[in-house]
Amino acid sequence: MASNTIKPEKSQNYRSSPRLQIASLLLRRCVAGVVEVSLAIASGLVPYGVGLYVQSGSPSELVPLNPVLATVEEAIAKTLALPRRPENQQQVPPLTNLFWWGALISPAAIVTWQLYLLGKTGQTTPKNWLNIRVVTIQGTSPGLLRAGFREIVGRWGLPVGIAYLIWRYAGVFPNLGILLGLSGIFVVTETATLLFSSQLRSLHDRLAGTLVIDAFGKVPGFAKQRKSKFPHNSRPITVVEVQTNQTNSDTDTEEENFDEEAETASPPQEKVTTIVLTTTEGETPKLHLWRWMRQHPGTTLLIVALSAMASVLGTFVGTQIYIQTQANQREFNEQKDKLFLALVRQLSSTPSYETDKRQGAILALARLEDSRAAPLLVDLLAQEDNPFLIETIQQALVSIGKSALPSLQRLNQSLDKDLEVLQQQGTETEQETTALRLVATQRAIAKILALDNQVSTEANLSNTHLGALTLGEAKFSLILDKTDLSGINFRGANLTYASFQESRFYGTGEDKRWGTFDDELTDFSGADLTRANLAGADLRNVLLNRSSLLRANLRRANLSSARAIATNFSSASLLGANFRQAILENASFTGADLEETNFSYADLQQARFGQVSAVDSQFDYANLTATNWQGANLTAANFNHAHLKQADFSFATLKGANLSNAQLENTSLRYANLSATDLRGANLAGANFQGVRFFARRETNSEQFLQAAPIADSVAKIEGVNFAQVKNLDAQQIDFICRQGGIHPQCF
């Protein structure tokens, strides 16, 4: 026991009500938490946004995306089930790499620094601004490990982890909004647990053994506590009892006065004479393993002996099993090697005219399930001249399955090049033999794709020749109707005249859900699909950049959200096709049949639609800036709210089209037919209306100079439309505009 004499404070009127202290502390804690999160998020979003802005421009130099950034982005996308973004596979400007690297480093640096400050001083920067501090129950700074556990595990890991598990397995996956909502609810709920603690300790404070106090040392809720309520396993603490010179000696009365003083805004002064320090012991002593072992030596010895025996026995049994397994595997491999070598010797020693023996050896190699079989058979195919054995090798490669595709692809490309050379300077026999080998590779690949349902995500058929081929006895035409081909890489492949009717090129991936990172997208970039039949095919989200679909059949095909930049759809049949939200910049549809085709919300900047037939097509809200529609038939087409700046509709037929609320700035409508067209709400600033027809006239055989009256149903709807800035209007057009309620400076 120790006692000291201290001088009383001159005034204690600065004290406020405990309720106000609690409210103030709660408010500052909430504000500090919001500021901490905001700092971390802003430090990442700002440089990421700048990087996106740089990427959206027109950079002259592009470099590959930083591998670390690509890995992190892929991990985040897989965790949050984000849709696959084609931009991740493209190159980016150097500044984008720099800013995105900053978006990765900045949040990590800020969070690490704030955790360091919290561990060393008990205050992050926002907590320091708001005068609050995190301490242990002994009143010291929490330290780095405790601070990291408090924030990473208790405050964020536990609530967000529970929210993620519910989101992932409760049937709401992959809706990201629900995940954010659940995370917010659990984080707020975890923080709200402090309302049920007399020391305002939330769940993460209890887990980490910490509490939050005023930076000046005030702890709301401690005024009435005379005994320690800290956990039983904490260290003994010192309780301070204040002795005063009050005349009332009754203890209960003193405690009541003490409580009243804590609740009074301006408590009366009292003279402090002494402070008595007493020590309290923990309720339950902490158990130690070493102490228990000394108290129970016999039991300890028995446990150690049994554990040692079990370890020795387990090690011995495990070693024997491992040795036997390896021995069996070696024996099996040796037998397979012997059989493989025997078949190879049989093939090499058997004359070419003994086709039966060679055929048996080839089929036996295919059944051997040896990784060396496919390359060997492919090499054999490249040298074989006998059409019967070429067919046998093809069937053998089909039985091997998808593992034979890489070797088949390489041979296919090699034979394609050889055939091109031989067609110029080779003999007819050499051409036909090479063509037979090439057709064998094509048929083998086609059969593997048709029969193996697991091949899609692993098949790389880029630059492969799978197009139609007819040369002597060598004939091939790819037919894969109603087949799942999602995820296959057809970049640069020759697929001319191929048939993919009602086939699927977009799959869900392993999670069996649409719109997530593992979706399987077929890549046709740069492929030649001239005259291919894709009627009714599912081509959602696929890549068709710079591919050729000249005269292809895409009737009723679904190409929504597809990327077909600079793709050639000239003269293609697209009746009823769906291009909703597709990216079709600089694509060519010249002469195509676009009747009833849906282009809503699509990006069609600088696309070419000359001479197309697009009756009843949908272009609402589409971006059609600088598109070319010369001579197109757009009867009853819907361009509501479309962006048509600088578009060229010269000599186009827009009879009955809906151009309401469209942006037609600087658009050319020279000699276009706008009869029955709805222009209400359209922006016509700078548009060229030279020779435009606003209505259709009745035909007459008379040679009189009087003009025939317009057909009532054919009159364009222009009420309230502003023609003040329209170019090349003649007197008759202005007269019509004024009579129909249009706006023009010459209307009185």
# chains A, B, ... in the order shown; residues from 1 in each chain; ligands from 1
$ residues_around --residues "Ile152 of chain A" --least-positions-apart "4" --cutoff "12 Å" --atoms "only C-alpha atoms" --output "list in words"
Val111, Thr112, Leu115, Leu144, Leu145, Arg146, Ala147, Gly148, Trp156, Gly157, Leu158, Pro159, Val160, Gly161, His204, Leu207 and Ala208 of chain A
$ write_last_selection --atoms "all heavy atoms" --output "short mmCIF file (atom, residue, chain, number, x, y, z; two decimals), in the first residue's frame"
data_model
loop_
_atom_site.label_atom_id
_atom_site.label_comp_id
_atom_site.auth_asym_id
_atom_site.auth_seq_id
_atom_site.Cartn_x
_atom_site.Cartn_y
_atom_site.Cartn_z
N VAL A 111 -2.52 1.80 -46.17
CA VAL A 111 -3.05 0.88 -45.15
C VAL A 111 -1.92 0.39 -44.24
O VAL A 111 -2.07 0.33 -43.01
CB VAL A 111 -3.76 -0.31 -45.83
CG1 VAL A 111 -4.10 -1.39 -44.80
CG2 VAL A 111 -5.04 0.17 -46.51
N THR A 112 -0.77 0.05 -44.82
CA THR A 112 0.37 -0.41 -44.01
C THR A 112 0.85 0.67 -43.05
O THR A 112 1.12 0.40 -41.87
CB THR A 112 1.53 -0.84 -44.93
OG1 THR A 112 1.07 -1.87 -45.82
CG2 THR A 112 2.69 -1.37 -44.12
N LEU A 115 -1.68 1.12 -40.22
CA LEU A 115 -1.59 0.02 -39.25
C LEU A 115 -0.35 0.17 -38.37
O LEU A 115 -0.38 -0.13 -37.17
CB LEU A 115 -1.56 -1.32 -39.98
CG LEU A 115 -2.88 -1.82 -40.56
CD1 LEU A 115 -2.66 -3.11 -41.34
CD2 LEU A 115 -3.91 -2.04 -39.46
N LEU A 144 2.04 -3.93 -33.10
CA LEU A 144 1.79 -4.19 -34.52
C LEU A 144 0.92 -5.43 -34.74
O LEU A 144 -0.01 -5.41 -35.54
CB LEU A 144 3.11 -4.33 -35.25
CG LEU A 144 4.01 -3.09 -35.27
CD1 LEU A 144 5.30 -3.39 -36.01
CD2 LEU A 144 3.30 -1.91 -35.91
N LEU A 145 1.24 -6.53 -34.05
CA LEU A 145 0.48 -7.76 -34.25
C LEU A 145 -0.96 -7.61 -33.80
O LEU A 145 -1.89 -8.01 -34.50
CB LEU A 145 1.15 -8.92 -33.51
CG LEU A 145 2.51 -9.37 -34.05
CD1 LEU A 145 3.08 -10.49 -33.19
CD2 LEU A 145 2.38 -9.83 -35.50
N ARG A 146 -1.16 -7.00 -32.65
CA ARG A 146 -2.52 -6.82 -32.13
C ARG A 146 -3.31 -5.87 -33.03
O ARG A 146 -4.50 -6.09 -33.30
CB ARG A 146 -2.47 -6.29 -30.70
CG ARG A 146 -3.83 -6.35 -29.99
CD ARG A 146 -3.75 -5.64 -28.65
NE ARG A 146 -2.79 -6.26 -27.76
CZ ARG A 146 -3.08 -7.22 -26.90
NH1 ARG A 146 -4.32 -7.66 -26.82
NH2 ARG A 146 -2.15 -7.73 -26.12
N ALA A 147 -2.65 -4.80 -33.49
CA ALA A 147 -3.34 -3.85 -34.35
C ALA A 147 -3.72 -4.49 -35.68
O ALA A 147 -4.82 -4.29 -36.20
CB ALA A 147 -2.45 -2.63 -34.60
N GLY A 148 -2.80 -5.30 -36.26
CA GLY A 148 -3.12 -5.98 -37.50
C GLY A 148 -4.25 -6.98 -37.33
O GLY A 148 -5.15 -7.06 -38.18
N TRP A 156 -12.54 -6.21 -40.38
CA TRP A 156 -12.91 -6.36 -41.77
C TRP A 156 -13.00 -7.81 -42.22
O TRP A 156 -13.94 -8.19 -42.92
CB TRP A 156 -11.92 -5.61 -42.67
CG TRP A 156 -11.88 -4.14 -42.41
CD1 TRP A 156 -10.90 -3.44 -41.77
CD2 TRP A 156 -12.88 -3.19 -42.76
NE1 TRP A 156 -11.23 -2.11 -41.70
CE2 TRP A 156 -12.43 -1.92 -42.31
CE3 TRP A 156 -14.10 -3.27 -43.43
CZ2 TRP A 156 -13.18 -0.77 -42.49
CZ3 TRP A 156 -14.84 -2.12 -43.61
CH2 TRP A 156 -14.39 -0.89 -43.15
N GLY A 157 -12.04 -8.62 -41.86
CA GLY A 157 -12.02 -9.99 -42.35
C GLY A 157 -13.23 -10.81 -41.95
O GLY A 157 -13.84 -11.50 -42.78
N LEU A 158 -13.61 -10.75 -40.67
CA LEU A 158 -14.72 -11.56 -40.18
C LEU A 158 -16.06 -11.15 -40.81
O LEU A 158 -16.75 -11.99 -41.39
CB LEU A 158 -14.77 -11.47 -38.65
CG LEU A 158 -15.77 -12.41 -37.97
CD1 LEU A 158 -15.41 -13.85 -38.27
CD2 LEU A 158 -15.76 -12.18 -36.45
N PRO A 159 -16.48 -9.88 -40.74
CA PRO A 159 -17.78 -9.53 -41.33
C PRO A 159 -17.82 -9.67 -42.84
O PRO A 159 -18.79 -10.18 -43.40
CB PRO A 159 -17.99 -8.07 -40.88
CG PRO A 159 -16.65 -7.56 -40.53
CD PRO A 159 -15.87 -8.73 -40.03
N VAL A 160 -16.76 -9.22 -43.52
CA VAL A 160 -16.75 -9.31 -44.98
C VAL A 160 -16.66 -10.78 -45.42
O VAL A 160 -17.27 -11.18 -46.41
CB VAL A 160 -15.60 -8.48 -45.57
CG1 VAL A 160 -15.50 -8.69 -47.07
CG2 VAL A 160 -15.79 -7.01 -45.25
N GLY A 161 -15.90 -11.60 -44.69
CA GLY A 161 -15.82 -13.02 -45.01
C GLY A 161 -17.15 -13.72 -44.88
O GLY A 161 -17.53 -14.53 -45.74
N HIS A 204 -14.56 -6.57 -32.60
CA HIS A 204 -13.14 -6.65 -32.94
C HIS A 204 -12.26 -6.15 -31.80
O HIS A 204 -11.11 -6.57 -31.67
CB HIS A 204 -12.84 -5.89 -34.23
CG HIS A 204 -13.15 -4.43 -34.20
ND1 HIS A 204 -14.36 -3.91 -34.62
CD2 HIS A 204 -12.41 -3.37 -33.81
CE1 HIS A 204 -14.34 -2.60 -34.49
NE2 HIS A 204 -13.18 -2.24 -33.99
N LEU A 207 -12.06 -9.23 -29.48
CA LEU A 207 -11.17 -10.25 -30.02
C LEU A 207 -9.71 -9.87 -29.86
O LEU A 207 -8.86 -10.72 -29.59
CB LEU A 207 -11.49 -10.49 -31.50
CG LEU A 207 -12.85 -11.13 -31.82
CD1 LEU A 207 -13.07 -11.18 -33.32
CD2 LEU A 207 -12.94 -12.52 -31.23
N ALA A 208 -9.41 -8.59 -30.04
CA ALA A 208 -8.02 -8.14 -29.97
C ALA A 208 -7.61 -7.67 -28.57
O ALA A 208 -6.43 -7.36 -28.36
CB ALA A 208 -7.80 -6.99 -30.97
#
$ select_by_dssp --residues "segment 539-734 of chain A" --states "helix (DSSP H, G or I)" --output "ChimeraX atom specification"
/A:712-714,731-734
$ residues_around --residues "Thr210 of chain A" --least-positions-apart "2" --cutoff "12 Å" --atoms "only C-alpha atoms" --output "ChimeraX atom specification"
/A:118-119,122,133-143,146-147,149-151,154,194,199-208,212-213,230-231,234
$ select_by_dssp --residues "segment 427-511 of chain A" --states "strand (DSSP E)" --output "list in words"
Leu469, Thr470, Leu471, Ala474, Lys475, Phe476, Tyr506 and Gly507 of chain A
$ residues_around --residues "Pro47 of chain A" --least-positions-apart "3" --cutoff "10 Å" --atoms "only C-alpha atoms" --output "list of chain:residue names"
A:Ala42, A:Ser43, A:Gly44, A:Val50, A:Gly51, A:Leu52, A:Tyr53, A:Thr96, A:Leu98, A:Phe99, A:Trp100, A:Trp101, A:Gly102, A:Ala103, A:Leu104, A:Ser106
$ closest_residue --among "A:Trp629, A:Phe476, A:Tyr621, A:Phe186" --to "Ala592 of chain A" --atoms "only C-alpha atoms"
A:Trp629
$ closest_residue --among "A:Pro67, A:Gly467, A:Pro387, A:Gly691" --to "Glu432 of chain A" --atoms "only C-alpha atoms"
A:Pro387
$ atom_distance --atom1 "atom CA of Phe524 of chain A" --atom2 "atom CA of His465 of chain A"
13.3 Å
$ closest_residue --among "A:Tyr353, A:Arg345, A:Ile479, A:Asp452" --to "Val398 of chain A" --atoms "only C-alpha atoms"
A:Asp452
$ atom_distance --atom1 "atom CA of Arg504 of chain A" --atom2 "atom CA of Gln409 of chain A"
21.9 Å
$ atom_distance --atom1 "atom CA of Leu436 of chain A" --atom2 "atom CA of Glu391 of chain A"
9.0 Å
$ residues_around --residues "Ala364 of chain A" --least-positions-apart "4" --cutoff "10 Å" --atoms "only C-alpha atoms" --output "tab-separated table (two decimals) with C-alpha atoms, in the first residue's frame"
chain	number	residue	atom	x	y	z
A	339	LEU	CA	5.10	-52.01	-75.86
A	340	PHE	CA	5.57	-48.55	-77.36
A	343	LEU	CA	5.02	-50.97	-82.00
A	358	ARG	CA	0.79	-51.30	-90.33
A	359	GLN	CA	-2.89	-50.60	-89.64
A	360	GLY	CA	-2.83	-52.85	-86.56
A	368	LEU	CA	-1.77	-47.21	-75.67
A	369	GLU	CA	-2.63	-43.96	-73.81
A	373	ALA	CA	1.65	-41.62	-79.45
A	396	ALA	CA	-6.38	-43.23	-84.59
$ residues_around --residues "Leu25 of chain A" --least-positions-apart "3" --cutoff "8 Å" --atoms "only C-alpha atoms" --output "PyMOL selection string"
chain A and resi 21-22+28-29+132+213-214
$ residues_around --residues "Asn545 of chain A" --least-positions-apart "6" --cutoff "6 Å" --atoms "only C-alpha atoms" --output "tab-separated table (two decimals) with N, CA, C and O atoms, in the first residue's frame"
chain	number	residue	atom	x	y	z
A	525	SER	N	-11.15	-13.53	-83.96
A	525	SER	CA	-10.44	-12.34	-84.45
A	525	SER	C	-9.56	-12.69	-85.64
A	525	SER	O	-8.74	-13.61	-85.58
A	564	ALA	N	-16.81	-6.66	-82.66
A	564	ALA	CA	-16.53	-6.90	-84.07
A	564	ALA	C	-15.99	-5.63	-84.71
A	564	ALA	O	-16.56	-5.10	-85.66
A	565	ILE	N	-14.89	-5.13	-84.19
A	565	ILE	CA	-14.28	-3.91	-84.70
A	565	ILE	C	-13.65	-4.18	-86.07
A	565	ILE	O	-12.90	-5.15	-86.24
A	567	THR	N	-14.86	-5.37	-88.71
A	567	THR	CA	-15.26	-6.65	-89.27
A	567	THR	C	-16.04	-6.43	-90.57
A	567	THR	O	-16.80	-5.46	-90.70
$ decode --residues "segment 373-388 of chain A" --atoms "all heavy atoms" --output "compact mmCIF listing (two decimals), in the first residue's frame"
# COMPACT_ATOMS: atom_id res chain seq x y z
N ALA A 373 2.34 -41.00 -78.32
CA ALA A 373 1.65 -41.62 -79.45
C ALA A 373 1.16 -40.58 -80.45
O ALA A 373 1.33 -40.74 -81.66
CB ALA A 373 0.50 -42.47 -78.95
N ALA A 374 0.54 -39.51 -79.97
CA ALA A 374 -0.03 -38.51 -80.87
C ALA A 374 1.04 -37.84 -81.74
O ALA A 374 0.88 -37.78 -82.97
CB ALA A 374 -0.81 -37.47 -80.07
N PRO A 375 2.14 -37.33 -81.15
CA PRO A 375 3.18 -36.75 -82.03
C PRO A 375 3.74 -37.75 -83.03
O PRO A 375 4.04 -37.39 -84.18
CB PRO A 375 4.25 -36.29 -81.04
CG PRO A 375 3.53 -36.09 -79.74
CD PRO A 375 2.47 -37.14 -79.73
N LEU A 376 3.88 -39.01 -82.61
CA LEU A 376 4.42 -40.01 -83.53
C LEU A 376 3.47 -40.25 -84.69
O LEU A 376 3.88 -40.32 -85.86
CB LEU A 376 4.67 -41.31 -82.77
CG LEU A 376 5.17 -42.49 -83.62
CD1 LEU A 376 6.52 -42.18 -84.25
CD2 LEU A 376 5.25 -43.77 -82.79
N LEU A 377 2.16 -40.36 -84.40
CA LEU A 377 1.18 -40.60 -85.46
C LEU A 377 1.08 -39.40 -86.40
O LEU A 377 0.89 -39.57 -87.61
CB LEU A 377 -0.18 -40.91 -84.84
CG LEU A 377 -0.30 -42.27 -84.13
CD1 LEU A 377 -1.63 -42.38 -83.43
CD2 LEU A 377 -0.11 -43.41 -85.12
N VAL A 378 1.18 -38.20 -85.84
CA VAL A 378 1.13 -37.00 -86.68
C VAL A 378 2.34 -36.96 -87.61
O VAL A 378 2.22 -36.63 -88.80
CB VAL A 378 1.04 -35.73 -85.80
CG1 VAL A 378 1.29 -34.48 -86.64
CG2 VAL A 378 -0.32 -35.66 -85.13
N ASP A 379 3.52 -37.29 -87.08
CA ASP A 379 4.72 -37.35 -87.94
C ASP A 379 4.57 -38.42 -89.02
O ASP A 379 5.00 -38.23 -90.17
CB ASP A 379 5.96 -37.64 -87.09
CG ASP A 379 6.32 -36.47 -86.19
OD1 ASP A 379 5.87 -35.34 -86.46
OD2 ASP A 379 7.04 -36.70 -85.19
N LEU A 380 3.95 -39.53 -88.64
CA LEU A 380 3.72 -40.60 -89.62
C LEU A 380 2.75 -40.15 -90.71
O LEU A 380 2.93 -40.46 -91.89
CB LEU A 380 3.17 -41.84 -88.90
CG LEU A 380 3.00 -43.11 -89.73
CD1 LEU A 380 4.34 -43.59 -90.28
CD2 LEU A 380 2.35 -44.20 -88.88
N LEU A 381 1.73 -39.37 -90.32
CA LEU A 381 0.76 -38.86 -91.28
C LEU A 381 1.43 -37.92 -92.29
O LEU A 381 1.08 -37.91 -93.48
CB LEU A 381 -0.36 -38.13 -90.54
CG LEU A 381 -1.42 -37.44 -91.40
CD1 LEU A 381 -2.15 -38.45 -92.29
CD2 LEU A 381 -2.42 -36.70 -90.51
N ALA A 382 2.40 -37.14 -91.81
CA ALA A 382 3.08 -36.19 -92.69
C ALA A 382 3.91 -36.88 -93.76
O ALA A 382 4.28 -36.25 -94.77
CB ALA A 382 3.97 -35.27 -91.86
N GLN A 383 4.20 -38.20 -93.59
CA GLN A 383 5.05 -38.93 -94.55
C GLN A 383 4.28 -40.00 -95.32
O GLN A 383 4.81 -40.55 -96.29
CB GLN A 383 6.21 -39.59 -93.80
CG GLN A 383 7.07 -38.62 -93.00
CD GLN A 383 8.07 -39.33 -92.12
OE1 GLN A 383 8.38 -40.50 -92.34
NE2 GLN A 383 8.59 -38.63 -91.13
N GLU A 384 3.06 -40.29 -94.89
CA GLU A 384 2.32 -41.40 -95.50
C GLU A 384 1.75 -41.01 -96.87
O GLU A 384 1.22 -39.90 -97.05
CB GLU A 384 1.18 -41.83 -94.56
CG GLU A 384 0.46 -43.08 -95.00
CD GLU A 384 1.41 -44.27 -95.09
OE1 GLU A 384 2.03 -44.64 -94.05
OE2 GLU A 384 1.56 -44.81 -96.21
N ASP A 385 1.84 -41.96 -97.83
CA ASP A 385 1.31 -41.74 -99.17
C ASP A 385 0.07 -42.58 -99.46
O ASP A 385 -0.70 -42.26 -100.37
CB ASP A 385 2.37 -42.06 -100.23
CG ASP A 385 3.58 -41.15 -100.13
OD1 ASP A 385 3.40 -39.98 -99.70
OD2 ASP A 385 4.70 -41.59 -100.46
N ASN A 386 -0.11 -43.66 -98.71
CA ASN A 386 -1.21 -44.58 -98.93
C ASN A 386 -2.51 -43.97 -98.40
O ASN A 386 -2.63 -43.71 -97.20
CB ASN A 386 -0.92 -45.91 -98.23
CG ASN A 386 -1.94 -46.96 -98.60
OD1 ASN A 386 -3.09 -46.70 -98.85
ND2 ASN A 386 -1.48 -48.21 -98.61
N PRO A 387 -3.51 -43.70 -99.27
CA PRO A 387 -4.77 -43.10 -98.80
C PRO A 387 -5.46 -43.92 -97.72
O PRO A 387 -6.07 -43.36 -96.79
CB PRO A 387 -5.62 -43.01 -100.07
CG PRO A 387 -4.63 -43.00 -101.19
CD PRO A 387 -3.50 -43.88 -100.73
N PHE A 388 -5.37 -45.25 -97.82
CA PHE A 388 -6.02 -46.10 -96.82
C PHE A 388 -5.37 -45.91 -95.45
O PHE A 388 -6.06 -45.79 -94.42
CB PHE A 388 -5.92 -47.56 -97.26
CG PHE A 388 -6.55 -48.52 -96.30
CD1 PHE A 388 -7.92 -48.65 -96.20
CD2 PHE A 388 -5.74 -49.29 -95.45
CE1 PHE A 388 -8.49 -49.53 -95.29
CE2 PHE A 388 -6.30 -50.17 -94.54
CZ PHE A 388 -7.69 -50.29 -94.46
